[in-house]
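Chemist: Just passing along the structure, written as structure tokens.
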Amino acid sequence: MQNEDLMKLLAALGAAISLIEALLEFDDRNLEVSRVILLVLSITLAVIILLSIIIPHKFVELNWIICVVIGIVMIIYTSLIGGILVLIAGFVGYTER
């Protein structure tokens, strides 16, 4: 398995975990406006990653810089486990250079 394939696998796994985690957070009874905004941000980032893996040339092309930036944003604001996997995917993609 090449580093690019491993990067795509880790990014897809991280995005799927982040998406599931965000969708489960909407079940909370007392949602504040700031929490809803962060959940929408998490869903948006996860969908961007998944679409860039499924449709690579028509959407954003997935490279290591995008993975690192989105991974850091996910860790800080929304999903810890999904963000860590996407960040690791970015570092794996960097080692391919």
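Identifiers for the structure tokens are assigned positionally: chains receive A, B, ... in sequence, residues are indexed from 1 per chain, and ligands are indexed from 1 in the order shown.
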Might you pull out every residue within 9 Å of Ile65 (chain A), with only C-alpha atoms counted and same-chain residues fewer than 3 positions away left off, and present them as a list in words?

Modeler: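 The residues that qualify are Leu62, Val68, Val69, Ile70, Gly90, Phe91, Gly93 and Tyr94 of chain A.
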
Chemist: Mind writing the picked residues with N, CA and C atoms as a tab-separated table (two decimals), in the first residue's frame?

Modeler:
chain	number	residue	atom	x	y	z
A	62	LEU	N	-7.37	16.26	-2.74
A	62	LEU	CA	-6.88	15.98	-1.39
A	62	LEU	C	-5.36	15.88	-1.41
A	68	VAL	N	-3.82	18.36	6.87
A	68	VAL	CA	-3.27	18.90	8.11
A	68	VAL	C	-4.13	20.05	8.62
A	69	VAL	N	-4.52	20.96	7.74
A	69	VAL	CA	-5.31	22.12	8.16
A	69	VAL	C	-6.69	21.67	8.67
A	70	ILE	N	-7.37	20.83	7.91
A	70	ILE	CA	-8.69	20.37	8.32
A	70	ILE	C	-8.59	19.52	9.59
A	90	GLY	N	-2.58	13.51	6.95
A	90	GLY	CA	-1.79	14.59	6.37
A	90	GLY	C	-0.29	14.36	6.54
A	91	PHE	N	0.13	13.87	7.71
A	91	PHE	CA	1.54	13.58	7.92
A	91	PHE	C	2.02	12.41	7.08
A	93	GLY	N	0.78	11.67	4.13
A	93	GLY	CA	0.88	12.26	2.80
A	93	GLY	C	2.12	13.12	2.63
A	94	TYR	N	2.56	13.76	3.71
A	94	TYR	CA	3.77	14.59	3.65
A	94	TYR	C	5.01	13.74	3.45

Chemist: Return as a PyMOL selection string the full set of residues in chain A whose backbone-based DSSP assignment is alpha helix (DSSP H).

Modeler: chain A and resi 3-25+33-54+64-73+80-96

Chemist: Between CA of Ile55 (chain A) and CA of Glu21 (chain A), measure the distance and give it in Å to one decimal.

Modeler: 23.2 Å

Chemist: Write out as a compact mmCIF listing (two decimals) with N, CA and C atoms, in the first residue's frame the residues lying within 10 Å of Glu25 (chain A), counting only C-alpha atoms and excluding same-chain residues fewer than 4 positions away.

Modeler:
# COMPACT_ATOMS: atom_id res chain seq x y z
N LEU A 19 -18.14 12.63 11.09
CA LEU A 19 -19.52 12.81 10.65
C LEU A 19 -20.49 12.09 11.58
N ILE A 20 -20.17 10.87 11.96
CA ILE A 20 -21.02 10.12 12.90
C ILE A 20 -21.07 10.83 14.25
N GLU A 21 -19.92 11.30 14.71
CA GLU A 21 -19.87 11.99 16.00
C GLU A 21 -20.71 13.27 15.97
N ARG A 29 -30.43 17.53 24.01
CA ARG A 29 -31.67 18.30 24.23
C ARG A 29 -31.43 19.80 24.28
N LEU A 31 -29.26 22.34 22.97
CA LEU A 31 -28.23 22.81 22.05
C LEU A 31 -28.19 24.33 22.06
N ARG A 35 -22.89 25.81 19.64
CA ARG A 35 -22.68 24.37 19.45
C ARG A 35 -23.24 23.90 18.11
N VAL A 36 -24.37 24.46 17.71
CA VAL A 36 -24.95 24.12 16.40
C VAL A 36 -24.04 24.57 15.28
N LEU A 39 -21.19 22.15 15.07
CA LEU A 39 -21.62 20.87 14.49
C LEU A 39 -21.79 20.98 12.98

Chemist: Rank nothing, just name the residue among A:Val40, A:Ile88, A:Leu80, A:Ala12 nearest to Phe26 (chain A), using only C-alpha atoms.

Modeler: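 Selected residue with least distance to Phe26 (chain A): A:Val40.
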
Chemist: For Pro56 (chain A), which residue among A:Lys8, A:Gly71, A:Asp27, A:Ala16 is the nearest when counting only C-alpha atoms?

Modeler: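 Of all the options, A:Lys8 lies closest to Pro56 (chain A).
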
Chemist: Tell me which protein, DNA and RNA residues are within 12 Å of Cys67 (chain A), counting only C-alpha atoms, leaving out same-chain ones fewer than 5 positions away, and put them as an NGL selection string.

Modeler: :A and (4 or 7-12 or 14-15 or 45-46 or 48-50 or 52-53 or 60-62 or 72-75 or 82-94)

Chemist: Mind pulling up the distance from CA of Ser18 (chain A) to CA of Asn30 (chain A)?

Modeler: 20.6 Å

Chemist: When you draw a straight line from CA of Ala22 (chain A) to CA of Ser42 (chain A), how long is it in Å?

Modeler: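 Here the two named atoms are 6.5 Å from each other.
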